[in-house]
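**Q** Provided below: coords_14.cif, containing mmCIF, C-alpha atoms.
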data_entry
loop_
_atom_site.label_atom_id
_atom_site.label_comp_id
_atom_site.auth_asym_id
_atom_site.auth_seq_id
_atom_site.Cartn_x
_atom_site.Cartn_y
_atom_site.Cartn_z
CA ASN A 1228 -3.34 -3.30 20.50
CA ALA A 1229 -3.49 -4.80 23.94
CA GLY A 1230 -0.40 -6.68 24.95
CA VAL A 1231 -0.25 -10.08 26.55
CA MET A 1232 -2.66 -10.05 29.46
CA GLN A 1233 -2.12 -12.17 32.52
CA ASN A 1234 -4.40 -12.48 35.49
CA PRO A 1235 -4.47 -12.41 38.33
CA ARG A 1236 -1.45 -10.20 38.94
CA HIS A 1237 -1.04 -11.67 42.41
CA LEU A 1238 -2.44 -14.95 43.67
CA VAL A 1239 -2.28 -16.23 47.21
CA ARG A 1240 -3.06 -19.86 47.95
CA ARG A 1241 -2.76 -22.12 50.96
CA ARG A 1242 -0.94 -25.40 50.67
CA GLY A 1243 -3.14 -28.02 49.03
CA GLN A 1244 -5.31 -25.58 47.11
CA GLU A 1245 -5.42 -25.19 43.36
CA ALA A 1246 -3.96 -22.26 41.43
CA ARG A 1247 -5.23 -21.24 38.00
CA LEU A 1248 -3.23 -18.71 36.05
CA ARG A 1249 -4.65 -17.16 32.90
CA CYS A 1250 -2.97 -15.74 29.86
CA SER A 1251 -4.58 -13.99 26.92
CA PRO A 1252 -2.10 -13.67 24.06
CA MET A 1253 -1.78 -10.64 21.84
CA LYS A 1254 -4.29 -10.36 19.05
CA GLY A 1255 -3.32 -12.58 16.15
CA HIS A 1256 -0.93 -14.67 18.25
CA SER A 1257 -1.63 -18.38 18.50
CA HIS A 1258 1.58 -19.55 20.17
CA VAL A 1259 1.86 -19.35 23.93
CA TYR A 1260 4.80 -20.06 26.22
CA TRP A 1261 4.81 -20.32 30.00
CA TYR A 1262 7.91 -19.53 32.05
CA ARG A 1263 8.59 -19.68 35.76
CA GLN A 1264 10.93 -17.33 37.59
CA LEU A 1265 12.20 -17.47 41.15
CA PRO A 1266 13.51 -14.24 42.77
CA GLU A 1267 16.92 -13.23 41.46
CA GLU A 1268 16.91 -16.08 38.97
CA GLY A 1269 16.40 -16.55 35.26
CA LEU A 1270 13.39 -17.64 33.25
CA LYS A 1271 12.78 -21.38 33.26
CA PHE A 1272 10.82 -22.75 30.33
CA MET A 1273 7.77 -24.78 31.28
CA VAL A 1274 5.54 -25.39 28.29
CA TYR A 1275 4.88 -24.27 24.73
CA LEU A 1276 1.38 -24.47 23.32
CA GLN A 1277 -0.40 -23.74 20.11
CA LYS A 1278 -4.15 -23.57 19.84
CA GLU A 1279 -5.53 -26.85 21.26
CA ASN A 1280 -2.11 -28.49 21.18
CA ILE A 1281 0.75 -28.93 23.62
CA ILE A 1282 3.94 -28.78 21.54
CA ASP A 1283 6.60 -29.04 24.22
CA GLU A 1284 6.00 -29.63 27.92
CA SER A 1285 9.52 -30.72 28.74
CA GLY A 1286 9.84 -28.04 31.44
CA MET A 1287 6.65 -28.94 33.28
CA PRO A 1288 6.74 -31.05 36.44
CA LYS A 1289 5.11 -34.39 35.72
CA GLU A 1290 2.68 -34.11 38.59
CA ARG A 1291 0.26 -31.41 39.68
CA PHE A 1292 0.99 -29.09 36.75
CA SER A 1293 -1.03 -28.88 33.56
CA ALA A 1294 -1.54 -26.35 30.79
CA GLU A 1295 -4.08 -25.83 28.08
CA PHE A 1296 -4.76 -23.39 25.28
CA PRO A 1297 -8.30 -23.98 24.03
CA LYS A 1298 -9.68 -22.91 20.71
CA GLU A 1299 -11.56 -20.13 22.46
CA GLY A 1300 -10.42 -18.31 25.55
CA PRO A 1301 -7.15 -17.80 27.36
CA SER A 1302 -4.37 -20.23 28.03
CA ILE A 1303 -4.55 -21.69 31.54
CA LEU A 1304 -1.69 -22.92 33.69
CA ARG A 1305 -3.11 -25.06 36.45
CA ILE A 1306 -1.27 -26.13 39.57
CA GLN A 1307 -3.04 -28.62 41.78
CA GLN A 1308 -2.35 -29.15 45.49
CA VAL A 1309 0.12 -26.28 45.63
CA VAL A 1310 3.17 -26.46 47.88
CA ARG A 1311 5.40 -23.67 49.17
CA GLY A 1312 7.99 -24.45 46.51
CA ASP A 1313 5.50 -23.43 43.83
CA SER A 1314 5.77 -19.82 44.98
CA ALA A 1315 7.24 -17.92 42.03
CA ALA A 1316 6.45 -15.50 39.24
CA TYR A 1317 4.85 -17.17 36.25
CA PHE A 1318 5.21 -15.39 32.93
CA CYS A 1319 3.32 -16.02 29.76
CA ALA A 1320 4.59 -15.00 26.33
CA SER A 1321 2.95 -15.15 22.93
CA SER A 1322 4.10 -15.04 19.34
CA ARG A 1323 2.59 -15.08 15.89
CA PRO A 1324 2.98 -18.11 13.63
CA GLY A 1325 4.78 -17.77 10.37
CA GLN A 1326 7.05 -14.99 11.47
CA ALA A 1327 10.62 -15.31 10.35
CA GLU A 1328 11.69 -14.43 13.85
CA GLU A 1329 10.02 -15.92 16.89
CA LYS A 1330 9.77 -12.66 18.76
CA LEU A 1331 8.09 -13.26 22.08
CA PHE A 1332 5.93 -10.67 23.78
CA PHE A 1333 5.62 -11.13 27.52
CA GLY A 1334 2.86 -10.41 29.98
CA SER A 1335 3.46 -8.78 33.35
CA GLY A 1336 3.34 -12.12 35.12
CA THR A 1337 1.38 -13.68 37.96
CA GLN A 1338 3.08 -13.73 41.33
CA LEU A 1339 1.98 -16.88 43.14
CA SER A 1340 2.46 -17.01 46.87
CA VAL A 1341 1.75 -20.23 48.71
CA LEU A 1342 1.19 -19.89 52.44
CA GLY B 1472 20.55 -24.46 27.22
CA GLU B 1473 17.71 -23.76 29.60
CA SER B 1474 18.28 -21.19 32.28
CA VAL B 1475 19.15 -22.92 35.50
CA GLY B 1476 18.49 -22.08 39.12
CA LEU B 1477 21.58 -19.93 39.58
CA HIS B 1478 21.61 -16.53 41.20
CA LEU B 1479 22.07 -13.72 38.72
CA PRO B 1480 25.54 -12.26 38.15
CA THR B 1481 25.58 -8.51 38.73
CA LEU B 1482 27.28 -5.76 36.76
CA SER B 1483 27.64 -2.34 38.43
CA VAL B 1484 28.27 0.62 36.16
CA GLN B 1485 28.65 4.33 36.78
CA GLU B 1486 26.00 6.50 35.15
CA GLY B 1487 27.27 7.79 31.82
CA ASP B 1488 29.70 4.93 31.29
CA ASN B 1489 29.23 2.21 28.70
CA SER B 1490 27.97 -1.22 29.77
CA ILE B 1491 28.84 -4.55 28.23
CA ILE B 1492 26.74 -7.58 29.10
CA ASN B 1493 27.88 -10.96 27.89
CA CYS B 1494 26.09 -14.18 27.12
CA ALA B 1495 27.26 -17.61 26.04
CA TYR B 1496 24.76 -19.63 24.08
CA SER B 1497 24.67 -23.37 23.77
CA ASN B 1498 23.28 -24.45 20.42
CA SER B 1499 25.46 -23.95 17.36
CA ALA B 1500 22.32 -24.45 15.23
CA SER B 1501 20.64 -21.38 16.72
CA ASP B 1502 20.17 -18.80 13.99
CA TYR B 1503 18.37 -15.95 15.69
CA PHE B 1504 19.16 -14.16 18.94
CA ILE B 1505 17.32 -11.64 21.07
CA TRP B 1506 18.18 -9.50 24.06
CA TYR B 1507 15.45 -8.84 26.59
CA LYS B 1508 15.31 -6.36 29.46
CA GLN B 1509 13.35 -7.14 32.61
CA GLU B 1510 12.63 -4.40 35.10
CA SER B 1511 11.66 -5.23 38.64
CA GLY B 1512 8.12 -6.60 38.85
CA LYS B 1513 7.61 -6.66 35.10
CA GLY B 1514 7.82 -9.11 32.25
CA PRO B 1515 10.81 -9.16 29.89
CA GLN B 1516 10.75 -6.62 27.06
CA PHE B 1517 12.40 -6.94 23.66
CA ILE B 1518 15.46 -4.74 23.17
CA ILE B 1519 17.26 -5.83 20.03
CA ASP B 1520 17.72 -8.90 17.86
CA ILE B 1521 20.29 -10.28 15.44
CA ARG B 1522 20.33 -13.06 12.88
CA SER B 1523 23.22 -15.49 12.61
CA ASN B 1524 24.29 -14.11 9.22
CA MET B 1525 25.25 -10.86 10.95
CA ASP B 1526 27.93 -10.13 13.50
CA LYS B 1527 26.79 -6.71 14.62
CA ARG B 1528 23.57 -4.77 14.86
CA GLN B 1529 22.97 -1.31 16.27
CA GLY B 1530 19.93 0.23 17.81
CA GLN B 1531 19.37 3.38 19.79
CA ARG B 1532 22.19 3.39 22.40
CA VAL B 1533 22.44 -0.40 22.16
CA THR B 1534 24.63 -2.64 20.03
CA VAL B 1535 24.57 -6.42 19.86
CA LEU B 1536 27.66 -8.35 18.79
CA LEU B 1537 27.57 -11.99 17.75
CA ASN B 1538 30.60 -14.27 17.64
CA LYS B 1539 29.47 -17.62 16.26
CA THR B 1540 32.94 -19.14 16.50
CA VAL B 1541 32.84 -19.10 20.29
CA LYS B 1542 29.03 -18.97 20.60
CA HIS B 1543 29.07 -15.63 22.34
CA LEU B 1544 26.71 -12.66 22.35
CA SER B 1545 27.22 -9.29 23.90
CA LEU B 1546 24.99 -6.30 24.50
CA GLN B 1547 26.62 -2.90 24.67
CA ILE B 1548 24.72 0.01 26.18
CA ALA B 1549 26.16 3.44 25.53
CA ALA B 1550 25.99 6.22 28.13
CA THR B 1551 24.24 4.04 30.68
CA GLN B 1552 21.35 5.71 32.49
CA PRO B 1553 19.59 4.88 35.78
CA GLY B 1554 16.60 3.68 33.74
CA ASP B 1555 18.81 0.97 32.27
CA SER B 1556 18.96 -0.77 35.66
CA ALA B 1557 17.31 -4.13 35.07
CA VAL B 1558 18.03 -7.78 34.40
CA TYR B 1559 19.13 -8.54 30.86
CA PHE B 1560 18.56 -11.91 29.22
CA CYS B 1561 19.82 -13.24 25.95
CA ALA B 1562 17.68 -15.73 24.07
CA GLU B 1563 18.61 -18.11 21.29
CA ILE B 1564 16.22 -19.50 18.73
CA ASN B 1565 16.70 -22.47 16.44
CA SER B 1566 14.45 -22.08 13.43
CA GLY B 1567 14.62 -25.78 12.65
CA GLY B 1568 11.43 -27.57 13.56
CA TYR B 1569 9.45 -25.30 15.83
CA GLN B 1570 11.17 -22.19 16.99
CA LYS B 1571 11.96 -22.91 20.59
CA VAL B 1572 13.26 -19.91 22.49
CA THR B 1573 15.87 -20.68 25.10
CA PHE B 1574 16.90 -18.05 27.62
CA GLY B 1575 20.30 -17.51 29.17
CA THR B 1576 20.73 -17.10 32.91
CA GLY B 1577 20.57 -13.31 32.88
CA THR B 1578 22.72 -10.46 34.18
CA LYS B 1579 21.59 -7.81 36.63
CA LEU B 1580 22.75 -4.32 35.66
CA GLN B 1581 23.00 -1.78 38.47
CA VAL B 1582 23.60 1.81 37.45
CA ILE B 1583 25.30 3.95 40.07
CA PRO B 1584 24.16 7.58 39.90
#
Turn the structure described in the file into structure tokens.
**A**
Amino acid sequence: NAGVMQNPRHLVRRRGQEARLRCSPMKGHSHVYWYRQLPEEGLKFMVYLQKENIIDESGMPKERFSAEFPKEGPSILRIQQVVRGDSAAYFCASSRPGQAEEKLFFGSGTQLSVL
Amino acid sequence: GESVGLHLPTLSVQEGDNSIINCAYSNSASDYFIWYKQESGKGPQFIIDIRSNMDKRQGQRVTVLLNKTVKHLSLQIAATQPGDSAVYFCAEINSGGYQKVTFGTGTKLQVIP
């Protein structure tokens, strides 16, 4: 069973460009979470999605950031007009609905560097 | 609550000694707790979990203790090894409504050979 797959592993963008981060959950998982992590800091919740639905986006900046999890294909975290402060590691996690425990499985992350 | 932008506290332990990592959680309604380990450059990995109807659970070399009275979790690692060097996060889950997972700030464990 493949784990949670994130790509790209590293992404370099210049200020003002768009960044698209992809996450393919584990097989059978239909819940996806996105987290952001700055160096030497904890995981900051951004958004929680189920297939075709955003359940909780309370951690997402109101502007420039968006997330989707379509019926087919990976979940996408999109950052428009990136700024230097967007540089961070972005982790995706997935879980399976109906489990008694919401055990999250994490991907290896995408390291975004904004020049 | 949510992890905030604070630098990680660090715990330095001699190889072979026992490590104790502590975590305070925020929501008294949380009924499931998980410890994750994050090695440098990798995503967090599940270590051990505990439900709120328990106060102790043991795994291989790891033990989690839960004190609901003071909303406190601890992770004990026996005979700490260099491979245990990582950042450790606790997570709390409230099964009411959707199961939102909230991470603690994290603790960096440094094992001294």
**Q** Set the cut-off to 9 Å and count all atoms listed in the file: what are the residues of chain A that reach chain B? Output as a PyMOL selection string.
**A** chain A and resi 1265-1272+1275+1282-1283+1318-1320+1327-1336
**Q** Neighbours of Tyr1317 of chain A within 6 Å (only C-alpha atoms; same-chain residues fewer than 3 positions away dropped), as a list in words?
**A**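 Everything that qualifies: Tyr1262, Arg1263, Gly1336 and Thr1337 of chain A.
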**Q** Name the residues that the PyMOL selection byres ((chain B and resi 1530) around 10) pulls out of this structure, and write them as a PyMOL selection string.
**A** chain B and resi 1518-1520+1528-1529+1531-1535+1548
**Q** Keeping only C-alpha atoms, write the selected residues as an mmCIF file, keeping the file's coordinate frame.
**A**
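What landed in result-v3.cif:
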data_model
loop_
_atom_site.group_PDB
_atom_site.id
_atom_site.type_symbol
_atom_site.label_atom_id
_atom_site.label_comp_id
_atom_site.auth_asym_id
_atom_site.auth_seq_id
_atom_site.Cartn_x
_atom_site.Cartn_y
_atom_site.Cartn_z
ATOM 1 C CA ILE B 1518 15.460 -4.740 23.170
ATOM 2 C CA ILE B 1519 17.260 -5.830 20.030
ATOM 3 C CA ASP B 1520 17.720 -8.900 17.860
ATOM 4 C CA ARG B 1528 23.570 -4.770 14.860
ATOM 5 C CA GLN B 1529 22.970 -1.310 16.270
ATOM 6 C CA GLN B 1531 19.370 3.380 19.790
ATOM 7 C CA ARG B 1532 22.190 3.390 22.400
ATOM 8 C CA VAL B 1533 22.440 -0.400 22.160
ATOM 9 C CA THR B 1534 24.630 -2.640 20.030
ATOM 10 C CA VAL B 1535 24.570 -6.420 19.860
ATOM 11 C CA ILE B 1548 24.720 0.010 26.180
#
**Q** Quick one: axis-aligned box around all listed atoms of segment 1249-1263 of chain A, 3 Å on every side, centre and edge lengths in Å to one decimal, written as lines of an AutoDock Vina configuration file.
**A**
center_x = 2.0
center_y = -15.3
center_z = 26.0
size_x = 19.2
size_y = 16.0
size_z = 25.6
**Q** Going by the chain IDs and residue numbers used in this file, which residues fall under the PyMOL selection byres ((chain A and resi 1231) around 6)? Write them as an MDAnalysis selection string.
**A** chainID A and resid 1230 1232 1251:1253 1334
**Q** The PyMOL selection byres ((chain A and resi 1237) around 8) - which residues does that actually catch in the file I just gave you? List them as an MDAnalysis selection string.
**A** chainID A and resid 1234:1236 1238:1239 1337:1340
**Q** Atom CA of Phe1296 of chain A to atom CA of Ser1321 of chain A: how many Å, to one decimal?
**A**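 If I compute the distance from atom CA of Phe1296 of chain A to atom CA of Ser1321 of chain A, I get 11.5 Å.
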**Q** Report, in Å to a single decimal, how far apart atom CA of Ser1490 of chain B and atom CA of Cys1561 of chain B are.
**A**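 Straight-line distance from atom CA of Cys1561 of chain B to atom CA of Ser1490 of chain B works out to 15.0 Å.
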